[in-house]
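Enquirer: Enclosed is the structure file run27.pdb (PDB, C-alpha atoms).
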ATOM      1  CA  MET V 184    -116.101  92.104-120.912
ATOM      2  CA  HIS V 185    -118.621  93.873-123.130
ATOM      3  CA  LEU V 186    -120.330  90.705-124.325
ATOM      4  CA  GLY V 187    -120.239  89.335-120.783
ATOM      5  CA  SER V 188    -122.097  92.332-119.398
ATOM      6  CA  GLN V 189    -124.622  92.137-122.251
ATOM      7  CA  PHE V 190    -125.202  88.441-121.674
ATOM      8  CA  TRP V 191    -125.427  88.770-117.898
ATOM      9  CA  MET V 192    -127.837  91.711-117.859
ATOM     10  CA  THR V 193    -130.063  90.366-120.615
ATOM     11  CA  ILE V 194    -130.170  86.640-119.995
ATOM     12  CA  VAL V 195    -129.081  85.876-116.444
ATOM     13  CA  SER V 196    -130.065  88.931-114.425
ATOM     14  CA  GLY V 197    -133.033  90.081-116.497
ATOM     15  CA  LEU V 198    -134.834  86.766-116.770
ATOM     16  CA  SER V 199    -133.934  85.608-113.252
ATOM     17  CA  LEU V 200    -135.238  88.760-111.638
ATOM     18  CA  TYR V 201    -138.338  88.952-113.858
ATOM     19  CA  PHE V 202    -139.438  85.457-112.862
ATOM     20  CA  ASN V 203    -138.552  85.816-109.153
ATOM     21  CA  LEU V 204    -139.454  89.367-108.082
ATOM     22  CA  SER V 205    -142.737  91.215-107.996
ATOM     23  CA  ARG V 206    -143.209  93.603-110.892
ATOM     24  CA  HIS V 207    -142.645  96.648-108.691
ATOM     25  CA  ALA V 208    -139.484  95.230-107.136
ATOM     26  CA  PHE V 209    -138.252  94.295-110.622
ATOM     27  CA  GLY V 210    -139.036  97.822-111.824
ATOM     28  CA  ASP V 211    -137.102  99.296-108.898
ATOM     29  CA  VAL V 212    -134.087  97.186-109.860
ATOM     30  CA  GLN V 213    -134.368  98.170-113.522
ATOM     31  CA  ILE V 214    -134.513 101.861-112.603
ATOM     32  CA  ILE V 215    -131.088 101.422-111.013
ATOM     33  CA  LEU V 216    -129.575  99.049-113.595
ATOM     34  CA  PHE V 217    -130.711 100.474-116.967
ATOM     35  CA  PRO V 218    -128.692 103.720-116.827
ATOM     36  CA  LYS V 219    -125.589 101.954-115.526
ATOM     37  CA  TYR V 220    -125.871  99.105-118.031
ATOM     38  CA  PHE V 221    -126.233 101.280-121.112
ATOM     39  CA  SER V 222    -123.623 103.825-119.972
ATOM     40  CA  ILE V 223    -121.040 101.121-119.251
ATOM     41  CA  ASN V 224    -121.783  99.365-122.520
ATOM     42  CA  SER V 225    -121.539 102.641-124.448
ATOM     43  CA  VAL V 226    -118.076 103.206-122.981
ATOM     44  CA  LEU V 227    -117.015  99.608-123.676
ATOM     45  CA  SER V 228    -118.306  99.904-127.261
ATOM     46  CA  ALA V 229    -116.375 103.129-127.748
ATOM     47  CA  ILE V 230    -113.191 101.551-126.398
ATOM     48  CA  THR V 231    -113.620  98.541-128.688
ATOM     49  CA  LEU V 232    -114.275 100.765-131.691
ATOM     50  CA  ILE V 233    -111.236 102.976-130.981
ATOM     51  CA  GLN V 234    -108.958  99.999-130.382
ATOM     52  CA  PHE V 235    -110.209  98.288-133.529
ATOM     53  CA  GLY V 236    -109.387 101.394-135.546
ATOM     54  CA  LYS V 237    -105.946 101.813-133.961
ATOM     55  CA  ILE V 238    -104.977  98.184-134.496
ATOM     56  CA  ASN V 239    -106.023  98.194-138.133
ATOM     57  CA  VAL V 240    -104.396 101.556-138.903
ATOM     58  CA  THR V 241    -101.058 100.688-137.255
ATOM     59  CA  ARG V 242    -100.909  97.313-138.989
ATOM     60  CA  ASN V 243    -102.022  98.764-142.343
ATOM     61  CA  LEU V 244    -104.659  96.066-142.606
ATOM     62  CA  TRP V 245    -107.140  98.379-144.277
ATOM     63  CA  ASP V 246    -105.835  97.424-147.703
ATOM     64  CA  LEU V 247    -105.399  93.707-147.037
ATOM     65  CA  GLN V 248    -108.796  92.753-145.660
ATOM     66  CA  VAL V 249    -111.005  95.677-146.568
ATOM     67  CA  TYR V 250    -114.296  93.793-146.796
ATOM     68  CA  THR V 251    -113.926  91.997-143.454
ATOM     69  CA  ILE V 252    -112.734  95.134-141.705
ATOM     70  CA  TYR V 253    -115.609  97.235-143.035
ATOM     71  CA  LYS V 254    -118.147  94.653-141.845
ATOM     72  CA  GLN V 255    -116.617  94.680-138.373
ATOM     73  CA  LEU V 256    -116.356  98.461-138.378
ATOM     74  CA  ILE V 257    -120.016  98.789-139.299
ATOM     75  CA  ALA V 258    -121.014  96.306-136.594
ATOM     76  CA  LEU V 259    -118.950  98.145-133.972
ATOM     77  CA  CYS V 260    -120.344 101.531-135.032
ATOM     78  CA  VAL V 261    -123.924 100.231-134.918
ATOM     79  CA  CYS V 262    -123.271  98.753-131.486
ATOM     80  CA  PHE V 263    -121.791 101.970-130.108
ATOM     81  CA  LEU V 264    -124.347 104.329-131.633
ATOM     82  CA  LEU V 265    -127.281 102.174-130.614
ATOM     83  CA  GLU V 266    -126.120 101.779-127.010
ATOM     84  CA  LEU V 267    -125.340 105.474-126.742
ATOM     85  CA  SER V 268    -128.700 106.452-128.261
ATOM     86  CA  ILE V 269    -130.610 104.122-125.971
ATOM     87  CA  TRP V 270    -128.723 105.433-122.941
ATOM     88  CA  LEU V 271    -129.307 109.090-123.818
ATOM     89  CA  TYR V 272    -132.754 109.066-125.440
ATOM     90  CA  VAL V 273    -134.653 105.903-124.486
ATOM     91  CA  VAL V 274    -133.671 105.087-120.904
ATOM     92  CA  PRO V 275    -134.837 108.415-119.380
ATOM     93  CA  PRO V 276    -138.424 108.123-120.699
ATOM     94  CA  VAL V 277    -138.564 104.436-119.729
ATOM     95  CA  LEU V 278    -137.519 105.302-116.177
ATOM     96  CA  ARG V 279    -140.168 108.041-115.961
ATOM     97  CA  LEU V 280    -142.810 105.656-117.304
ATOM     98  CA  ILE V 281    -141.821 102.921-114.844
ATOM     99  CA  ALA V 282    -142.105 105.386-111.949
ATOM    100  CA  ALA V 283    -145.460 106.770-113.127
ATOM    101  CA  LYS V 284    -146.939 103.326-113.789
ATOM    102  CA  THR V 285    -145.725 102.026-110.430
ATOM    103  CA  ALA V 286    -147.294 104.956-108.575
ATOM    104  CA  ILE V 287    -150.666 104.382-110.241
ATOM    105  CA  GLU V 288    -150.510 100.613-109.731
ATOM    106  CA  LYS V 289    -149.593 100.976-106.047
ATOM    107  CA  ALA V 290    -152.520 103.357-105.560
ATOM    108  CA  VAL V 291    -154.944 100.634-106.688
ATOM    109  CA  GLY V 292    -153.070  97.717-105.082
ATOM    110  CA  LEU V 293    -151.540  96.104-108.191
ATOM    111  CA  GLY V 294    -147.981  95.117-109.101
ATOM    112  CA  LYS V 295    -147.284  92.409-106.551
ATOM    113  CA  GLU V 296    -147.553  89.569-109.072
ATOM    114  CA  VAL V 297    -144.402  87.749-110.200
ATOM    115  CA  GLY V 298    -143.572  86.971-113.847
ATOM    116  CA  ARG V 299    -146.720  88.379-115.386
ATOM    117  CA  CYS V 300    -148.578  91.626-115.827
ATOM    118  CA  ASP V 301    -152.086  91.744-114.356
ATOM    119  CA  LEU V 302    -153.596  95.160-115.026
ATOM    120  CA  GLY V 303    -156.796  94.386-113.145
ATOM    121  CA  ARG V 304    -159.240  97.270-113.108
ATOM    122  CA  LEU V 305    -156.688  99.625-114.691
ATOM    123  CA  VAL V 306    -157.687  98.135-118.056
ATOM    124  CA  ASP V 307    -160.636 100.552-117.947
ATOM    125  CA  CYS V 308    -158.461 103.617-117.236
ATOM    126  CA  PRO V 309    -157.651 105.356-120.555
ATOM    127  CA  HIS V 310    -154.798 107.415-119.064
ATOM    128  CA  TYR V 311    -153.079 104.356-117.611
ATOM    129  CA  MET V 312    -153.631 102.251-120.741
ATOM    130  CA  THR V 313    -152.127 104.988-122.938
ATOM    131  CA  MET V 314    -149.110 105.146-120.620
ATOM    132  CA  HIS V 315    -148.881 101.342-120.604
ATOM    133  CA  ARG V 316    -148.929 101.155-124.436
ATOM    134  CA  ILE V 317    -146.238 103.835-124.712
ATOM    135  CA  PHE V 318    -144.123 102.024-122.119
ATOM    136  CA  ARG V 319    -144.455  98.723-123.990
ATOM    137  CA  LYS V 320    -143.421 100.332-127.297
ATOM    138  CA  VAL V 321    -140.436 102.198-125.854
ATOM    139  CA  HIS V 322    -139.316  99.209-123.793
ATOM    140  CA  MET V 323    -139.649  96.948-126.858
ATOM    141  CA  PHE V 324    -137.460  99.337-128.869
ATOM    142  CA  MET V 325    -134.887  99.237-126.073
ATOM    143  CA  ALA V 326    -135.018  95.424-125.926
ATOM    144  CA  ILE V 327    -134.658  95.037-129.704
ATOM    145  CA  GLY V 328    -131.784  97.535-129.685
ATOM    146  CA  ASN V 329    -130.116  95.546-126.931
ATOM    147  CA  VAL V 330    -130.436  92.307-128.913
ATOM    148  CA  VAL V 331    -128.982  94.027-132.000
ATOM    149  CA  THR V 332    -125.977  95.197-129.958
ATOM    150  CA  ILE V 333    -125.441  91.657-128.680
ATOM    151  CA  VAL V 334    -125.520  90.363-132.264
ATOM    152  CA  CYS V 335    -122.968  93.027-133.271
ATOM    153  CA  SER V 336    -120.692  92.014-130.394
ATOM    154  CA  VAL V 337    -120.941  88.328-131.257
ATOM    155  CA  PHE V 338    -120.273  89.148-134.927
ATOM    156  CA  HIS V 339    -117.124  91.092-134.006
ATOM    157  CA  LEU V 340    -115.863  88.400-131.628
ATOM    158  CA  ALA V 341    -116.499  85.701-134.238
ATOM    159  CA  HIS V 342    -114.251  87.616-136.663
ATOM    160  CA  ILE V 343    -111.583  88.010-134.006
ATOM    161  CA  ALA V 344    -111.722  84.293-133.246
ATOM    162  CA  SER V 345    -111.442  83.258-136.910
TER
END
Would you mind giving the structure from this file in structure tokens?
Expert:
Amino acid sequence: MHLGSQFWMTIVSGLSLYFNLSRHAFGDVQIILFPKYFSINSVLSAITLIQFGKINVTRNLWDLQVYTIYKQLIALCVCFLLELSIWLYVVPPVLRLIAAKTAIEKAVGLGKEVGRCDLGRLVDCPHYMTMHRIFRKVHMFMAIGNVVTIVCSVFHLAHIAS
């Protein structure tokens, strides 16, 4: 379920909406989805981590396959901590930046393009460009963190499958 939600939000929903909605409509959707996505995934990561610990403690597998278990434990911890950190510390500023950028863009008639970012005459506005650069950096951190959590989930599921 965890990997499915990661895959759906990142690949199917994210790319489909980005290439089919105007930037402002896409931003409105992301404002709703980001908090839900990272909160649900934080909970699912925590459940996976707790269950992984319980299964390995009750079976006394810690001594038998220590190296494999530690790798999975590290991956699950990274996944949980990263999703929780993004949800608590990165999503709120991203949402504020999306709202602020959208308000400025609407005031000058931008944001109706689909699948690209045309800043038009806002390129000459230092306040907007500073906000835009900050948004890009914070959003990129969130995107990279999301990809890392997907890799951790795939890593864990590959060990379960083997």
Enquirer: For a quick check of understanding, using only C-alpha atoms, which of V:Met323, V:Ile287, V:Val337, V:Val331 has the smallest distance to His310 in chain V?
Expert: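 Nearest to His310 in chain V: V:Ile287.
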Enquirer: For the structure shown, which residues end up in the PyMOL selection byres ((chain V and resi 208-219) around 10)? Put them as a ChimeraX atom specification, please?
Expert: /V:192,197,200-207,220-225,269-271,273-275,277-279,281-282,284-285,294-295,297-298
Enquirer: Rank nothing, just name the residue among V:Val306, V:Ala286, V:Leu259, V:Met312 nearest to Leu227 in chain V, using all atoms listed in the file.
Expert: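 Closest to Leu227 in chain V, using all atoms listed in the file: V:Leu259.
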Enquirer: From the set V:Cys300, V:Met314, V:Ile343, V:Cys335, which residue has the shortest atom-to-atom contact distance to His185 in chain V, counting only C-alpha atoms?
Expert: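 Checking each candidate against His185 in chain V, we get V:Cys335 as the closest.
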Enquirer: When the PyMOL selection byres ((chain V and resi 338) around 12) is applied to the file above, which residues end up in the set, as a ChimeraX atom specification?
Expert: /V:186,251-252,254-259,261-262,331-337,339-345
Enquirer: Could you give me the centre and size, in Å to one decimal, of an axis-aligned box around all listed atoms of range 213-224 of chain V with 6 Å added on every side, as JSON?
Expert:
{"center_x": -127.8, "center_y": 101.0, "center_z": -116.8, "size_x": 25.5, "size_y": 17.7, "size_z": 23.5}
Enquirer: Pick out the residues sitting within 10 Å of Leu305 in chain V, and hand them over as an NGL selection string; count all atoms listed in the file, and ignore anything fewer than 6 positions along from it in its own chain.
Expert: :V and (287-288 or 291 or 293 or 311-312 or 315)
Enquirer: Determine the nearest neighbour of Ala283 in chain V from the options V:Asn329, V:Gln189, V:Thr313, V:Ser228, counting all atoms listed in the file.
Expert: V:Thr313
Enquirer: For Ala229 in chain V, which of V:Phe263, V:Phe324, V:Phe190, V:Tyr253 is the closest residue, counting all atoms listed in the file?
Expert: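 Distance minimum relative to Ala229 in chain V lands on V:Phe263.
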Enquirer: In Å, rounded to a single decimal, give me how far CA of Val330 in chain V is from CA of Ile230 in chain V.
Expert: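 Distance between the two atoms: 19.7 Å.
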Enquirer: Please report the interatomic distance between CA of Ala290 in chain V and CA of Arg316 in chain V in Å with one decimal.
Expert: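 One can read the CA of Ala290 in chain V to CA of Arg316 in chain V distance as 19.3 Å.
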Enquirer: Work out how far CA of Pro276 in chain V is from CA of Ile317 in chain V, in Å to one decimal.
Expert: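 Atom-to-atom, CA of Ile317 in chain V to CA of Pro276 in chain V, that is 9.8 Å.
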Enquirer: Go through V:Thr231, V:Ile238, V:Leu264, V:Gly303 one by one, measure the shortest atom-to-atom distance of each to Gly328 in chain V using only C-alpha atoms, and give the residue with the smallest value.
Expert: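 Between V:Thr231, V:Ile238, V:Leu264, V:Gly303, the residue approaching Gly328 in chain V most closely is V:Leu264.
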